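Q: Structure file target.pdb, PDB, C-alpha atoms and all ligand atoms, is pasted below:
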ATOM      1  CA  MET A   1      75.491 -27.085   9.786
ATOM      2  CA  THR A   2      72.598 -24.624   9.927
ATOM      3  CA  ASN A   3      70.914 -23.030   6.981
ATOM      4  CA  PRO A   4      70.723 -19.255   7.021
ATOM      5  CA  VAL A   5      67.130 -18.189   7.652
ATOM      6  CA  THR A   6      65.933 -16.276   4.624
ATOM      7  CA  LYS A   7      62.555 -14.618   4.854
ATOM      8  CA  PRO A   8      60.489 -15.081   1.702
ATOM      9  CA  SER A   9      60.250 -11.955  -0.421
ATOM     10  CA  LYS A  10      56.907 -10.242  -0.893
ATOM     11  CA  ARG A  11      55.179  -9.380  -4.153
ATOM     12  CA  ALA A  12      53.991  -5.853  -4.996
ATOM     13  CA  LEU A  13      52.422  -4.366  -8.138
ATOM     14  CA  VAL A  14      54.416  -1.187  -8.674
ATOM     15  CA  VAL A  15      53.839   1.797 -10.973
ATOM     16  CA  THR A  16      57.342   3.232 -11.318
ATOM     17  CA  GLY A  17      56.040   6.186 -13.363
ATOM     18  CA  PRO A  18      53.359   6.938 -15.960
ATOM     19  CA  GLY A  19      53.118   4.021 -18.414
ATOM     20  CA  SER A  20      55.283   1.609 -16.414
ATOM     21  CA  VAL A  21      53.789  -1.185 -14.239
ATOM     22  CA  SER A  22      55.423  -4.400 -13.039
ATOM     23  CA  LEU A  23      55.172  -7.079 -10.367
ATOM     24  CA  GLU A  24      58.202  -6.729  -8.102
ATOM     25  CA  GLU A  25      59.714  -8.772  -5.268
ATOM     26  CA  ARG A  26      60.407  -6.823  -2.097
ATOM     27  CA  PRO A  27      61.798  -7.627   1.338
ATOM     28  CA  PRO A  28      59.211  -8.103   4.123
ATOM     29  CA  ALA A  29      57.782  -4.818   5.408
ATOM     30  CA  LEU A  30      58.654  -3.243   8.747
ATOM     31  CA  ALA A  31      56.036  -1.019  10.362
ATOM     32  CA  PRO A  32      57.224   2.229  11.973
ATOM     33  CA  PRO A  33      55.810   3.127  15.422
ATOM     34  CA  GLY A  34      52.029   3.623  15.305
ATOM     35  CA  GLU A  35      51.687   1.654  12.082
ATOM     36  CA  VAL A  36      50.894  -2.009  11.378
ATOM     37  CA  VAL A  37      51.539  -4.538   8.631
ATOM     38  CA  VAL A  38      48.302  -5.913   7.154
ATOM     39  CA  SER A  39      48.007  -8.837   4.722
ATOM     40  CA  PRO A  40      45.612  -7.760   1.947
ATOM     41  CA  SER A  41      42.956 -10.402   1.095
ATOM     42  CA  VAL A  42      41.015  -8.882  -1.786
ATOM     43  CA  VAL A  43      41.836  -5.665  -3.646
ATOM     44  CA  GLY A  44      39.505  -3.866  -6.054
ATOM     45  CA  LEU A  45      40.710  -1.980  -9.120
ATOM     46  CA  CYS A  46      39.035   1.134 -10.476
ATOM     47  CA  GLY A  47      39.287   3.751 -13.195
ATOM     48  CA  THR A  48      41.441   5.914 -10.956
ATOM     49  CA  ASP A  49      44.100   3.164 -10.949
ATOM     50  CA  LEU A  50      44.176   3.428 -14.755
ATOM     51  CA  GLU A  51      44.540   7.218 -14.476
ATOM     52  CA  ILE A  52      47.493   6.693 -12.104
ATOM     53  CA  ILE A  53      49.090   4.224 -14.518
ATOM     54  CA  ASP A  54      48.508   6.523 -17.500
ATOM     55  CA  GLY A  55      49.599   9.693 -15.672
ATOM     56  CA  ARG A  56      46.205  11.336 -16.266
ATOM     57  CA  ILE A  57      45.728  12.254 -12.604
ATOM     58  CA  ASP A  58      46.537  15.672 -11.112
ATOM     59  CA  PRO A  59      50.258  15.327 -10.123
ATOM     60  CA  ALA A  60      49.453  16.968  -6.766
ATOM     61  CA  TYR A  61      47.570  13.791  -5.776
ATOM     62  CA  VAL A  62      50.037  11.046  -6.673
ATOM     63  CA  ARG A  63      53.650  10.160  -5.902
ATOM     64  CA  TYR A  64      55.636   7.671  -7.989
ATOM     65  CA  PRO A  65      56.975   4.994  -7.597
ATOM     66  CA  LEU A  66      53.830   3.628  -6.046
ATOM     67  CA  VAL A  67      52.254   0.276  -5.156
ATOM     68  CA  LEU A  68      48.701   0.353  -6.562
ATOM     69  CA  GLY A  69      45.589  -0.554  -4.572
ATOM     70  CA  HIS A  70      43.275   1.742  -2.609
ATOM     71  CA  GLU A  71      40.106  -0.407  -2.372
ATOM     72  CA  TRP A  72      40.862  -3.373  -0.165
ATOM     73  CA  CYS A  73      40.304  -5.497   2.882
ATOM     74  CA  GLY A  74      42.902  -7.521   4.706
ATOM     75  CA  VAL A  75      43.801  -9.617   7.691
ATOM     76  CA  LEU A  76      45.502  -8.251  10.785
ATOM     77  CA  ASP A  77      46.979 -10.491  13.461
ATOM     78  CA  GLY A  78      44.949  -9.548  16.524
ATOM     79  CA  PRO A  79      45.547 -10.363  20.189
ATOM     80  CA  ASP A  80      43.468 -13.554  19.993
ATOM     81  CA  ALA A  81      42.841 -14.217  16.340
ATOM     82  CA  LYS A  82      43.215 -12.906  12.830
ATOM     83  CA  GLN A  83      40.836 -10.008  12.264
ATOM     84  CA  LEU A  84      39.158  -8.927   9.025
ATOM     85  CA  VAL A  85      39.878  -5.214   8.590
ATOM     86  CA  VAL A  86      39.464  -2.314   6.209
ATOM     87  CA  ALA A  87      41.448   0.916   6.432
ATOM     88  CA  GLU A  88      40.687   4.493   5.523
ATOM     89  CA  GLY A  89      42.796   5.365   2.512
ATOM     90  CA  VAL A  90      42.992   9.017   3.455
ATOM     91  CA  VAL A  91      45.593   9.244   6.204
ATOM     92  CA  ALA A  92      44.630  12.511   7.882
ATOM     93  CA  CYS A  93      46.960  14.209  10.373
ATOM     94  CA  GLY A  94      44.226  14.483  13.021
ATOM     95  CA  HIS A  95      45.292  17.863  14.383
ATOM     96  CA  CYS A  96      45.007  20.519  11.643
ATOM     97  CA  GLU A  97      41.974  22.827  11.673
ATOM     98  CA  ARG A  98      40.017  20.822   9.091
ATOM     99  CA  CYS A  99      40.719  17.535  10.869
ATOM    100  CA  ARG A 100      39.491  19.087  14.133
ATOM    101  CA  GLN A 101      36.279  20.063  12.291
ATOM    102  CA  GLY A 102      35.879  16.414  11.262
ATOM    103  CA  ARG A 103      36.623  17.224   7.625
ATOM    104  CA  THR A 104      39.477  14.721   7.451
ATOM    105  CA  ASN A 105      39.040  14.380   3.665
ATOM    106  CA  LEU A 106      40.402  17.932   3.419
ATOM    107  CA  CYS A 107      43.345  17.486   5.801
ATOM    108  CA  GLU A 108      46.011  20.094   5.107
ATOM    109  CA  THR A 109      48.530  17.280   4.564
ATOM    110  CA  TYR A 110      47.231  15.109   1.749
ATOM    111  CA  ASP A 111      48.340  11.500   2.135
ATOM    112  CA  GLU A 112      46.413   8.542   0.694
ATOM    113  CA  VAL A 113      47.086   4.812   0.450
ATOM    114  CA  GLY A 114      47.527   3.858  -3.201
ATOM    115  CA  PHE A 115      48.154   7.501  -4.238
ATOM    116  CA  THR A 116      50.954   9.077  -2.198
ATOM    117  CA  ARG A 117      51.836   6.026  -0.077
ATOM    118  CA  ASP A 118      52.098   2.383  -1.091
ATOM    119  CA  GLY A 119      48.792   0.601  -1.685
ATOM    120  CA  ALA A 120      47.468  -2.891  -1.115
ATOM    121  CA  LEU A 121      48.164  -4.753  -4.371
ATOM    122  CA  ALA A 122      50.904  -6.595  -2.526
ATOM    123  CA  ASP A 123      51.422  -9.380  -0.011
ATOM    124  CA  GLU A 124      51.779  -6.708   2.685
ATOM    125  CA  VAL A 125      50.659  -3.126   3.207
ATOM    126  CA  VAL A 126      51.684  -0.788   6.038
ATOM    127  CA  VAL A 127      49.073   1.621   7.424
ATOM    128  CA  PRO A 128      48.675   3.684  10.611
ATOM    129  CA  ARG A 129      46.758   1.754  13.265
ATOM    130  CA  ARG A 130      44.362   4.700  13.709
ATOM    131  CA  VAL A 131      42.861   4.329  10.192
ATOM    132  CA  ILE A 132      41.975   0.657  10.680
ATOM    133  CA  HIS A 133      38.345  -0.453  11.156
ATOM    134  CA  LEU A 134      37.411  -3.983  12.217
ATOM    135  CA  LEU A 135      34.669  -5.767  10.288
ATOM    136  CA  ASP A 136      32.386  -8.546  11.408
ATOM    137  CA  GLN A 137      34.069 -11.853  10.484
ATOM    138  CA  ALA A 138      30.964 -12.899   8.517
ATOM    139  CA  VAL A 139      31.342 -10.049   6.000
ATOM    140  CA  ASP A 140      32.054 -11.241   2.483
ATOM    141  CA  ARG A 141      35.617 -10.221   1.606
ATOM    142  CA  SER A 142      34.749  -9.105  -1.913
ATOM    143  CA  ALA A 143      32.036  -6.870  -0.479
ATOM    144  CA  ALA A 144      34.571  -5.476   2.002
ATOM    145  CA  THR A 145      36.724  -4.119  -0.847
ATOM    146  CA  LEU A 146      33.740  -1.905  -1.712
ATOM    147  CA  VAL A 147      33.853  -0.025   1.608
ATOM    148  CA  GLU A 148      36.229   2.542   0.090
ATOM    149  CA  PRO A 149      34.125   3.449  -3.000
ATOM    150  CA  MET A 150      30.950   3.208  -0.875
ATOM    151  CA  ALA A 151      32.458   5.741   1.532
ATOM    152  CA  VAL A 152      33.040   8.100  -1.433
ATOM    153  CA  VAL A 153      29.360   7.802  -2.415
ATOM    154  CA  PHE A 154      28.117   8.000   1.188
ATOM    155  CA  GLN A 155      30.122  11.186   1.772
ATOM    156  CA  GLY A 156      28.631  12.810  -1.347
ATOM    157  CA  LEU A 157      25.063  11.785  -0.481
ATOM    158  CA  ASP A 158      25.584  13.166   3.017
ATOM    159  CA  ARG A 159      26.305  16.546   1.424
ATOM    160  CA  ALA A 160      23.282  16.428  -0.906
ATOM    161  CA  ARG A 161      20.953  15.143   1.877
ATOM    162  CA  PRO A 162      18.243  13.524  -0.327
ATOM    163  CA  LYS A 163      14.742  13.714   1.137
ATOM    164  CA  PRO A 164      12.184  10.867   1.148
ATOM    165  CA  GLY A 165      10.201  10.828  -2.091
ATOM    166  CA  TRP A 166      12.891  12.525  -4.178
ATOM    167  CA  ARG A 167      13.272  11.592  -7.830
ATOM    168  CA  VAL A 168      16.906  10.651  -8.405
ATOM    169  CA  LEU A 169      18.920  10.234 -11.595
ATOM    170  CA  VAL A 170      22.330   8.547 -11.519
ATOM    171  CA  ILE A 171      24.617   9.139 -14.509
ATOM    172  CA  GLY A 172      27.304   6.465 -14.856
ATOM    173  CA  ASP A 173      27.239   2.673 -14.926
ATOM    174  CA  GLY A 174      30.630   2.007 -13.317
ATOM    175  CA  THR A 175      31.060   0.983  -9.686
ATOM    176  CA  VAL A 176      30.491   4.483  -8.278
ATOM    177  CA  GLY A 177      27.287   4.859 -10.307
ATOM    178  CA  LEU A 178      26.010   1.424  -9.291
ATOM    179  CA  LEU A 179      26.910   2.045  -5.633
ATOM    180  CA  SER A 180      25.109   5.407  -5.858
ATOM    181  CA  ALA A 181      21.930   3.593  -6.911
ATOM    182  CA  LEU A 182      22.419   1.143  -4.024
ATOM    183  CA  LEU A 183      23.137   3.704  -1.284
ATOM    184  CA  VAL A 184      20.628   6.388  -2.305
ATOM    185  CA  ARG A 185      17.925   3.781  -1.558
ATOM    186  CA  LEU A 186      18.740   4.317   2.140
ATOM    187  CA  TYR A 187      17.088   7.765   1.754
ATOM    188  CA  SER A 188      13.726   6.378   0.468
ATOM    189  CA  PRO A 189      13.578   8.059  -2.948
ATOM    190  CA  SER A 190      10.391   7.632  -5.032
ATOM    191  CA  VAL A 191      12.365   6.704  -8.133
ATOM    192  CA  VAL A 192      15.985   6.013  -9.089
ATOM    193  CA  ASP A 193      16.803   6.060 -12.808
ATOM    194  CA  LEU A 194      20.266   5.239 -14.100
ATOM    195  CA  VAL A 195      21.868   6.370 -17.356
ATOM    196  CA  GLY A 196      24.789   4.269 -18.539
ATOM    197  CA  ALA A 197      26.931   4.078 -21.657
ATOM    198  CA  ARG A 198      26.756   0.279 -21.939
ATOM    199  CA  SER A 199      23.454  -1.588 -22.079
ATOM    200  CA  ALA A 200      25.282  -4.722 -20.813
ATOM    201  CA  GLN A 201      25.223  -2.987 -17.389
ATOM    202  CA  GLU A 202      21.416  -2.961 -17.182
ATOM    203  CA  ASP A 203      21.004  -6.074 -15.003
ATOM    204  CA  LEU A 204      23.657  -4.869 -12.518
ATOM    205  CA  ALA A 205      21.972  -1.452 -12.349
ATOM    206  CA  LEU A 206      18.566  -2.985 -11.623
ATOM    207  CA  GLU A 207      20.067  -5.308  -9.006
ATOM    208  CA  ALA A 208      21.767  -2.292  -7.390
ATOM    209  CA  GLY A 209      18.372  -0.662  -6.945
ATOM    210  CA  ALA A 210      17.722   1.369 -10.101
ATOM    211  CA  ASP A 211      14.096   1.348 -11.299
ATOM    212  CA  SER A 212      15.151   1.853 -14.904
ATOM    213  CA  PHE A 213      18.253   1.889 -17.072
ATOM    214  CA  CYS A 214      18.785   3.719 -20.332
ATOM    215  CA  THR A 215      21.621   4.908 -22.551
ATOM    216  CA  PRO A 216      22.410   8.669 -22.834
ATOM    217  CA  GLU A 217      20.497   9.217 -26.130
ATOM    218  CA  LYS A 218      17.281   8.092 -24.464
ATOM    219  CA  ALA A 219      17.949   9.832 -21.159
ATOM    220  CA  PRO A 220      15.057  11.772 -19.644
ATOM    221  CA  ARG A 221      15.843  15.407 -18.799
ATOM    222  CA  GLY A 222      14.852  18.144 -16.504
ATOM    223  CA  ASP A 223      12.684  16.919 -13.666
ATOM    224  CA  TYR A 224      14.951  15.242 -11.115
ATOM    225  CA  ASP A 225      15.280  16.438  -7.527
ATOM    226  CA  LEU A 226      18.819  15.053  -7.413
ATOM    227  CA  VAL A 227      21.204  14.085 -10.187
ATOM    228  CA  VAL A 228      24.372  12.185  -9.259
ATOM    229  CA  GLU A 229      27.209  12.448 -11.792
ATOM    230  CA  ALA A 230      29.307   9.301 -11.459
ATOM    231  CA  ALA A 231      30.560   8.823 -15.020
ATOM    232  CA  GLY A 232      33.700  10.917 -14.554
ATOM    233  CA  SER A 233      33.375  12.919 -17.759
ATOM    234  CA  SER A 234      32.840  16.646 -18.256
ATOM    235  CA  ARG A 235      30.035  15.903 -20.726
ATOM    236  CA  ALA A 236      28.222  13.868 -18.085
ATOM    237  CA  ALA A 237      28.591  16.785 -15.654
ATOM    238  CA  GLY A 238      26.917  19.052 -18.230
ATOM    239  CA  MET A 239      24.151  16.505 -18.655
ATOM    240  CA  ALA A 240      23.714  16.353 -14.867
ATOM    241  CA  LEU A 241      23.168  20.133 -14.719
ATOM    242  CA  ASP A 242      20.568  19.854 -17.522
ATOM    243  CA  SER A 243      18.734  16.975 -15.866
ATOM    244  CA  ALA A 244      17.907  18.548 -12.497
ATOM    245  CA  ARG A 245      14.570  20.271 -11.939
ATOM    246  CA  ARG A 246      14.398  23.968 -11.069
ATOM    247  CA  GLY A 247      15.468  24.177  -7.423
ATOM    248  CA  GLY A 248      17.010  20.697  -7.606
ATOM    249  CA  ALA A 249      20.453  19.431  -6.653
ATOM    250  CA  VAL A 250      23.430  18.051  -8.549
ATOM    251  CA  LEU A 251      26.131  15.946  -6.919
ATOM    252  CA  LEU A 252      29.448  15.651  -8.766
ATOM    253  CA  LEU A 253      31.275  12.452  -7.752
ATOM    254  CA  GLY A 254      33.053  11.497 -10.989
ATOM    255  CA  LEU A 255      36.582  12.648 -11.696
ATOM    256  CA  PRO A 256      37.162  13.702 -15.334
ATOM    257  CA  PRO A 257      40.764  13.758 -16.624
ATOM    258  CA  HIS A 258      42.874  16.481 -14.984
ATOM    259  CA  GLY A 259      42.222  19.940 -16.389
ATOM    260  CA  GLU A 260      39.406  18.949 -18.785
ATOM    261  CA  LYS A 261      36.926  21.808 -19.230
ATOM    262  CA  THR A 262      33.300  21.908 -20.333
ATOM    263  CA  PRO A 263      31.054  24.821 -21.301
ATOM    264  CA  VAL A 264      28.389  25.617 -18.704
ATOM    265  CA  ALA A 265      25.508  28.065 -19.189
ATOM    266  CA  VAL A 266      25.990  29.723 -15.801
ATOM    267  CA  ASP A 267      22.881  31.916 -16.191
ATOM    268  CA  ASP A 268      20.819  28.763 -16.564
ATOM    269  CA  VAL A 269      22.329  27.243 -13.394
ATOM    270  CA  VAL A 270      21.468  30.474 -11.522
ATOM    271  CA  ASN A 271      18.002  30.884 -13.039
ATOM    272  CA  ARG A 272      17.175  27.301 -12.156
ATOM    273  CA  ASP A 273      18.399  27.818  -8.572
ATOM    274  CA  LEU A 274      20.475  24.617  -8.624
ATOM    275  CA  ALA A 275      22.412  23.397  -5.594
ATOM    276  CA  VAL A 276      25.677  22.035  -6.992
ATOM    277  CA  HIS A 277      27.677  19.823  -4.639
ATOM    278  CA  ALA A 278      31.125  18.449  -5.410
ATOM    279  CA  SER A 279      32.554  15.862  -3.062
ATOM    280  CA  PHE A 280      36.158  14.792  -2.548
ATOM    281  CA  SER A 281      36.907  11.374  -1.083
ATOM    282  CA  TYR A 282      35.441  10.696   2.404
ATOM    283  CA  THR A 283      35.828  11.614   6.045
ATOM    284  CA  SER A 284      36.751   9.207   8.844
ATOM    285  CA  SER A 285      33.146   9.277  10.031
ATOM    286  CA  SER A 286      31.726   8.402   6.577
ATOM    287  CA  PHE A 287      34.178   5.506   6.311
ATOM    288  CA  ALA A 288      33.194   4.255   9.779
ATOM    289  CA  GLU A 289      29.465   4.531   8.942
ATOM    290  CA  VAL A 290      29.882   2.480   5.778
ATOM    291  CA  ALA A 291      31.985  -0.170   7.560
ATOM    292  CA  GLY A 292      29.103  -0.384  10.052
ATOM    293  CA  LEU A 293      26.457  -0.695   7.309
ATOM    294  CA  LEU A 294      28.400  -3.635   5.910
ATOM    295  CA  SER A 295      29.046  -5.326   9.260
ATOM    296  CA  THR A 296      25.339  -5.167  10.195
ATOM    297  CA  GLY A 297      24.188  -6.363   6.770
ATOM    298  CA  ALA A 298      22.279  -3.105   6.043
ATOM    299  CA  VAL A 299      23.909  -3.133   2.602
ATOM    300  CA  GLU A 300      25.074  -6.173   0.680
ATOM    301  CA  PRO A 301      27.071  -5.148  -2.406
ATOM    302  CA  SER A 302      28.964  -8.379  -3.214
ATOM    303  CA  PHE A 303      26.847  -8.949  -6.370
ATOM    304  CA  LEU A 304      28.788  -6.032  -7.861
ATOM    305  CA  VAL A 305      32.013  -8.059  -7.992
ATOM    306  CA  THR A 306      32.030  -9.692 -11.445
ATOM    307  CA  HIS A 307      35.726 -10.370 -12.093
ATOM    308  CA  ARG A 308      38.124 -12.188  -9.719
ATOM    309  CA  LEU A 309      41.752 -12.706 -10.659
ATOM    310  CA  ALA A 310      45.063 -13.643  -9.025
ATOM    311  CA  LEU A 311      47.865 -11.107  -8.558
ATOM    312  CA  GLU A 312      49.893 -12.712 -11.369
ATOM    313  CA  GLU A 313      46.938 -12.073 -13.679
ATOM    314  CA  TRP A 314      47.169  -8.286 -13.187
ATOM    315  CA  PRO A 315      47.504  -7.532 -16.937
ATOM    316  CA  ALA A 316      44.160  -9.285 -17.574
ATOM    317  CA  ALA A 317      42.591  -7.411 -14.651
ATOM    318  CA  LEU A 318      43.676  -4.059 -16.096
ATOM    319  CA  GLU A 319      42.412  -5.129 -19.516
ATOM    320  CA  ALA A 320      38.984  -6.010 -18.069
ATOM    321  CA  LEU A 321      38.932  -2.487 -16.680
ATOM    322  CA  ARG A 322      40.040  -0.790 -19.891
ATOM    323  CA  GLN A 323      37.991  -2.773 -22.389
ATOM    324  CA  PRO A 324      34.872  -4.061 -20.651
ATOM    325  CA  VAL A 325      33.130  -6.964 -22.372
ATOM    326  CA  GLY A 326      29.602  -7.820 -21.207
ATOM    327  CA  ALA A 327      28.414  -6.997 -17.699
ATOM    328  CA  ARG A 328      31.302  -5.621 -15.668
ATOM    329  CA  GLY A 329      31.050  -4.574 -12.067
ATOM    330  CA  LYS A 330      34.049  -4.468  -9.764
ATOM    331  CA  VAL A 331      37.252  -6.187 -10.893
ATOM    332  CA  VAL A 332      39.112  -7.603  -7.896
ATOM    333  CA  ILE A 333      42.430  -9.322  -7.290
ATOM    334  CA  GLU A 334      42.479 -12.088  -4.679
ATOM    335  CA  LEU A 335      45.711 -12.521  -2.766
TER     336      LEU A 335
HETATM  337 ZN    ZN B   1      38.872   3.709  -6.616
HETATM  338 ZN    ZN B   2      44.742  17.245   9.190
END
Just dump the structure as structure tokens.
A:
Amino acid sequence: MTNPVTKPSKRALVVTGPGSVSLEERPPALAPPGEVVVSPSVVGLCGTDLEIIDGRIDPAYVRYPLVLGHEWCGVLDGPDAKQLVVAEGVVACGHCERCRQGRTNLCETYDEVGFTRDGALADEVVVPRRVIHLLDQAVDRSAATLVEPMAVVFQGLDRARPKPGWRVLVIGDGTVGLLSALLVRLYSPSVVDLVGARSAQEDLALEAGADSFCTPEKAPRGDYDLVVEAAGSSRAAGMALDSARRGGAVLLLGLPPHGEKTPVAVDDVVNRDLAVHASFSYTSSSFAEVAGLLSTGAVEPSFLVTHRLALEEWPAALEALRQPVGARGKVVIEL
């Protein structure tokens, strides 16, 4: 007598709709032509995941039900061995006008892993082969989950083009703010100050490359060449506009809740000749550059990972994100 061969089911953390998350069992994935099944190793969580869970994100950029997880690295069975890989979350079509200009972040067909297609908080994730980037095997897997948010920061900095000697202010002490302090160092600024809401973040900010840390009440104003808004609040965006010098630049990276408005003294922005850059996601080339920076050891961000949990501990991981206690960098789930 032979036993029927039953393939083990696969776990996936699913948001069925706003306010509803659960760990589900699913049959093993099948990849359509041109796509591959990757086994996620480490998956980072971020504030955007909470916005997806809470339904606070612009409905044009999310499709429920959805497996969470857009910051991740995984293992792909290669021809000779298992390969450590990361994958662009933005799945661009590759042939529309914007894609042909290299602006794949603005592809006319918006499709993103963990937003409109299933993400990596699962035993398996299916992605097109063309968005996969191989990493050096020596790269720390926790650090590899930071390629995605680093690509967001890298893309924004590439727009603002900081010059050597610039005075830089970063507003925001979450991962994007801390990664901004880390990556802007590649442009040789004379000073990088960071404003954060929680003084428990000071040590992480200094380790990331900030020269000083202060809370918003004590924030210096008005003489920065570049101000990076990475707090994701409209108030912080207003503060960023106030903090740049005349002729300076402001880079908006944070994503406030959908539709939130803030008063802006437009005459002041004009009179002060500010360059205001807003940056959405990242292009294929930014993602590739960041994967390269990590593979060559030019950046080493693994110190930013402060919380490591198992997939079954997902409620605690979300709680660490919602109600930070003490120093909190990136919260990751290890599979
Ligand atoms: Zn994120
Ligand atoms: Zn396209």
Q: Which residues would end up in the selection if the PyMOL selection byres (((not hetatm)) within 10 of (chain B and resi 2)) were applied here, given that I need the answer as an MDAnalysis selection string?
A: chainID A and resid 91:111
Q: For Val170 of chain A, which residue out of A:Gln155, A:Ser212, A:Ser142, A:Ser190 is the nearest one, using all atoms listed in the file?
A: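 Going through A:Gln155, A:Ser212, A:Ser142, A:Ser190 one by one, the smallest distance to Val170 of chain A is for A:Ser212.
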Q: Ligand ZN 1 (chain B): which residues are within 6 Å, counting only C-alpha atoms and all ligand atoms, as a list in words?
A: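 Here is the list of contacting residues: Cys46, Thr48 and Pro149 of chain A.
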Q: Could you spell out the hits of the PyMOL selection byres (((chain A and resi 51) around 12) and not hetatm) on the shown file, as a PyMOL selection string?
A: chain A and resi 15+17-19+45-50+52-59+61-62+68+115+232+255-258+318+321-322
Q: Write the residues you've just listed into a file as a PDB file, in the frame of the given file, and include C-alpha atoms for each of them.
A:
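Writing the result to result.pdb gives the following:
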ATOM      1  CA  VAL A  15      53.839   1.797 -10.973  1.00  0.00           C
ATOM      2  CA  GLY A  17      56.040   6.186 -13.363  1.00  0.00           C
ATOM      3  CA  PRO A  18      53.359   6.938 -15.960  1.00  0.00           C
ATOM      4  CA  GLY A  19      53.118   4.021 -18.414  1.00  0.00           C
ATOM      5  CA  LEU A  45      40.710  -1.980  -9.120  1.00  0.00           C
ATOM      6  CA  CYS A  46      39.035   1.134 -10.476  1.00  0.00           C
ATOM      7  CA  GLY A  47      39.287   3.751 -13.195  1.00  0.00           C
ATOM      8  CA  THR A  48      41.441   5.914 -10.956  1.00  0.00           C
ATOM      9  CA  ASP A  49      44.100   3.164 -10.949  1.00  0.00           C
ATOM     10  CA  LEU A  50      44.176   3.428 -14.755  1.00  0.00           C
ATOM     11  CA  ILE A  52      47.493   6.693 -12.104  1.00  0.00           C
ATOM     12  CA  ILE A  53      49.090   4.224 -14.518  1.00  0.00           C
ATOM     13  CA  ASP A  54      48.508   6.523 -17.500  1.00  0.00           C
ATOM     14  CA  GLY A  55      49.599   9.693 -15.672  1.00  0.00           C
ATOM     15  CA  ARG A  56      46.205  11.336 -16.266  1.00  0.00           C
ATOM     16  CA  ILE A  57      45.728  12.254 -12.604  1.00  0.00           C
ATOM     17  CA  ASP A  58      46.537  15.672 -11.112  1.00  0.00           C
ATOM     18  CA  PRO A  59      50.258  15.327 -10.123  1.00  0.00           C
ATOM     19  CA  TYR A  61      47.570  13.791  -5.776  1.00  0.00           C
ATOM     20  CA  VAL A  62      50.037  11.046  -6.673  1.00  0.00           C
ATOM     21  CA  LEU A  68      48.701   0.353  -6.562  1.00  0.00           C
ATOM     22  CA  PHE A 115      48.154   7.501  -4.238  1.00  0.00           C
ATOM     23  CA  GLY A 232      33.700  10.917 -14.554  1.00  0.00           C
ATOM     24  CA  LEU A 255      36.582  12.648 -11.696  1.00  0.00           C
ATOM     25  CA  PRO A 256      37.162  13.702 -15.334  1.00  0.00           C
ATOM     26  CA  PRO A 257      40.764  13.758 -16.624  1.00  0.00           C
ATOM     27  CA  HIS A 258      42.874  16.481 -14.984  1.00  0.00           C
ATOM     28  CA  LEU A 318      43.676  -4.059 -16.096  1.00  0.00           C
ATOM     29  CA  LEU A 321      38.932  -2.487 -16.680  1.00  0.00           C
ATOM     30  CA  ARG A 322      40.040  -0.790 -19.891  1.00  0.00           C
TER      31      ARG A 322
END
Q: I'd like the interatomic distance between atom CA of Phe213 of chain A and atom CA of Arg308 of chain A, to a tenth of an Å.
A: 25.4 Å
Q: Measuring between only C-alpha atoms, which one of A:Ser295, A:Thr215, A:Thr175, A:Ser302 shows the shortest distance to Leu84 of chain A?
A: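 The answer is A:Ser295, which sits nearest to Leu84 of chain A.
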Q: Pick the closest to Val43 of chain A from A:Ala236, A:Val332, A:Leu252, A:Val191: which is it, counting only C-alpha atoms?
A: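 Selected residue with least distance to Val43 of chain A: A:Val332.
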Q: Apply the PyMOL selection byres (((chain A and resi 208) around 10) and not hetatm) to the displayed file and report the matching residues as a CSV table (one decimal) with C-alpha atoms, in the coordinates of the input.
A:
chain,number,residue,atom,x,y,z
A,177,GLY,CA,27.3,4.9,-10.3
A,178,LEU,CA,26.0,1.4,-9.3
A,179,LEU,CA,26.9,2.0,-5.6
A,180,SER,CA,25.1,5.4,-5.9
A,181,ALA,CA,21.9,3.6,-6.9
A,182,LEU,CA,22.4,1.1,-4.0
A,183,LEU,CA,23.1,3.7,-1.3
A,185,ARG,CA,17.9,3.8,-1.6
A,202,GLU,CA,21.4,-3.0,-17.2
A,203,ASP,CA,21.0,-6.1,-15.0
A,204,LEU,CA,23.7,-4.9,-12.5
A,205,ALA,CA,22.0,-1.5,-12.3
A,206,LEU,CA,18.6,-3.0,-11.6
A,207,GLU,CA,20.1,-5.3,-9.0
A,209,GLY,CA,18.4,-0.7,-6.9
A,210,ALA,CA,17.7,1.4,-10.1
A,211,ASP,CA,14.1,1.3,-11.3
A,300,GLU,CA,25.1,-6.2,0.7
A,301,PRO,CA,27.1,-5.1,-2.4
A,303,PHE,CA,26.8,-8.9,-6.4
A,304,LEU,CA,28.8,-6.0,-7.9
Q: Counting all atoms listed in the file, which residue out of A:Ala310, A:Ala244, A:Ala143, A:Cys214 sits closest to Arg167 of chain A?
A: A:Ala244
Q: Emit a file covering segment 303-307 of chain A of the preceding structure with N, CA and C atoms, as a JSON list (two decimals), in the first residue's frame.
A:
[["chain", "number", "residue", "atom", "x", "y", "z"],
["A", 303, "PHE", "N", 23.11, 47.07, 11.67],
["A", 303, "PHE", "CA", 22.91, 47.55, 13.04],
["A", 303, "PHE", "C", 21.50, 48.12, 13.23],
["A", 304, "LEU", "N", 20.85, 48.45, 12.11],
["A", 304, "LEU", "CA", 19.51, 49.05, 12.21],
["A", 304, "LEU", "C", 18.42, 48.04, 12.56],
["A", 305, "VAL", "N", 18.75, 46.75, 12.45],
["A", 305, "VAL", "CA", 17.74, 45.72, 12.77],
["A", 305, "VAL", "C", 17.79, 45.45, 14.28],
["A", 306, "THR", "N", 16.73, 45.85, 14.98],
["A", 306, "THR", "CA", 16.73, 45.74, 16.45],
["A", 306, "THR", "C", 15.76, 44.67, 16.96],
["A", 307, "HIS", "N", 14.81, 44.26, 16.12],
["A", 307, "HIS", "CA", 13.80, 43.29, 16.58],
["A", 307, "HIS", "C", 13.71, 42.15, 15.57]]
